[in-house]
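Report on one structure; see the data block that follows.
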Amino acid sequence: MKFIKSELDHLQNDLKSEGCDISTLRRFGESLPRISDQSLEEAFVQFHNWAGRLPYWRDYDVGALVLEHVADSMASSKRRTDVYRHAVYRARWCAATATAGGEGIARSKHIQQLERKLNAEADI
């Protein structure tokens with residue numbers, strides 16, 4: 001969990017130096033655990049739309065990292081599983097847009113990491 005937070009902090013600083021601020025996306029992601037069940041899917045749609053406008057960072061999707069951090073900080077629940085599921089979706093999208101084999105392999109490592117966490121939720 002600390003690794004993801006430190007990665008997020010590092011990427012936020014890197015992107016900010018390039019004129020891209022992700023602080024609002026992080027706050028929005030961190031609000032997902034408190035959103036009502038009735039509004040959750042719409043909130044995910046809005047999150048994906050927003051995160052999809054950001055560049056990839058070091059073979060990671062920013063939105064996937066934000067969602068992973070949020071899920072890691074939650075107690076095990078259906079909501080946590082949903083957040084991991086959406087993080088996997090974003091990471092798969094990132095990997096699918098790779099333009100070279102090595103890039104795709106690098107990006108797929110995050111998918112594998114997220115899928116392990118998602119599968120662990122199913123085992124609980």
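How things are named: the first chain in the structure tokens is A, the next is B, and so on; residues count from 1 in each chain; ligands count from 1 in the order shown.
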Which residues are near A:Lys78? Cut-off 10 Å, only C-alpha atoms, ignore same chain within fewer than 5 positions. Put them as a ChimeraX atom specification. /A:83-84,121-122
Which residues are close to A:Trp93, i.e. within 12 Å by only C-alpha atoms, leaving aside same-chain residues fewer than 4 positions away? Reply as a ChimeraX atom specification. /A:48,51-52,56,59-64,86-89,97-98,104,107-108,110-111
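Distance annotation: of A:Arg116, A:Arg85, A:Arg79, A:Arg90, the residue with the minimal separation from A:Leu40 is A:Arg79; atom set is only C-alpha atoms.
Between atom CA of A:Leu118 and atom CA of A:Asp82 there is a distance of 8.9 Å.
Of the residues listed (A:Ser39, A:Pro33, A:Asn119, A:Lys109), A:Pro33 shows the shortest atom-to-atom separation from A:His69; distances use only C-alpha atoms.
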Exercise: A:Trp50 partners within 10 Å, only C-alpha atoms, chain neighbours under 3 positions left out, as a PyMOL selection string: chain A and resi 22+24-25+28+44-47+53-54+63
Considering only C-alpha atoms, return as a ChimeraX atom specification whatever protein or nucleic-acid residues lie within 8 Å of A:Gly29, sequence-local ones (same chain, fewer than 2 positions apart) excluded. /A:25-27,31-32,47,66-67,70
Write the residues you've just listed into a file as a PDB file, in the first residue's frame, and include C-alpha atoms for each of them.
```
ATOM      1  CA  LEU A  25      -8.577  13.158  -9.807  1.00  0.00           C
ATOM      2  CA  ARG A  26      -6.985  11.785  -6.640  1.00  0.00           C
ATOM      3  CA  ARG A  27      -9.560  13.519  -4.445  1.00  0.00           C
ATOM      4  CA  SER A  31     -14.383   9.928  -2.524  1.00  0.00           C
ATOM      5  CA  LEU A  32     -15.524   6.682  -4.205  1.00  0.00           C
ATOM      6  CA  PHE A  47     -13.773   8.926 -13.132  1.00  0.00           C
ATOM      7  CA  VAL A  66      -5.380   6.088  -8.109  1.00  0.00           C
ATOM      8  CA  LEU A  67      -8.026   3.359  -7.941  1.00  0.00           C
ATOM      9  CA  VAL A  70      -8.111   3.794  -2.944  1.00  0.00           C
TER      10      VAL A  70
END
```
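A straight-line distance of 25.2 Å separates atom CA of A:Ala96 from atom CA of A:Asp9.
For the choices A:Ala71, A:Ala106, A:Ile35, A:Leu11, the atom-to-atom distance to A:Ala91 is smallest for A:Ala106 when using only C-alpha atoms.
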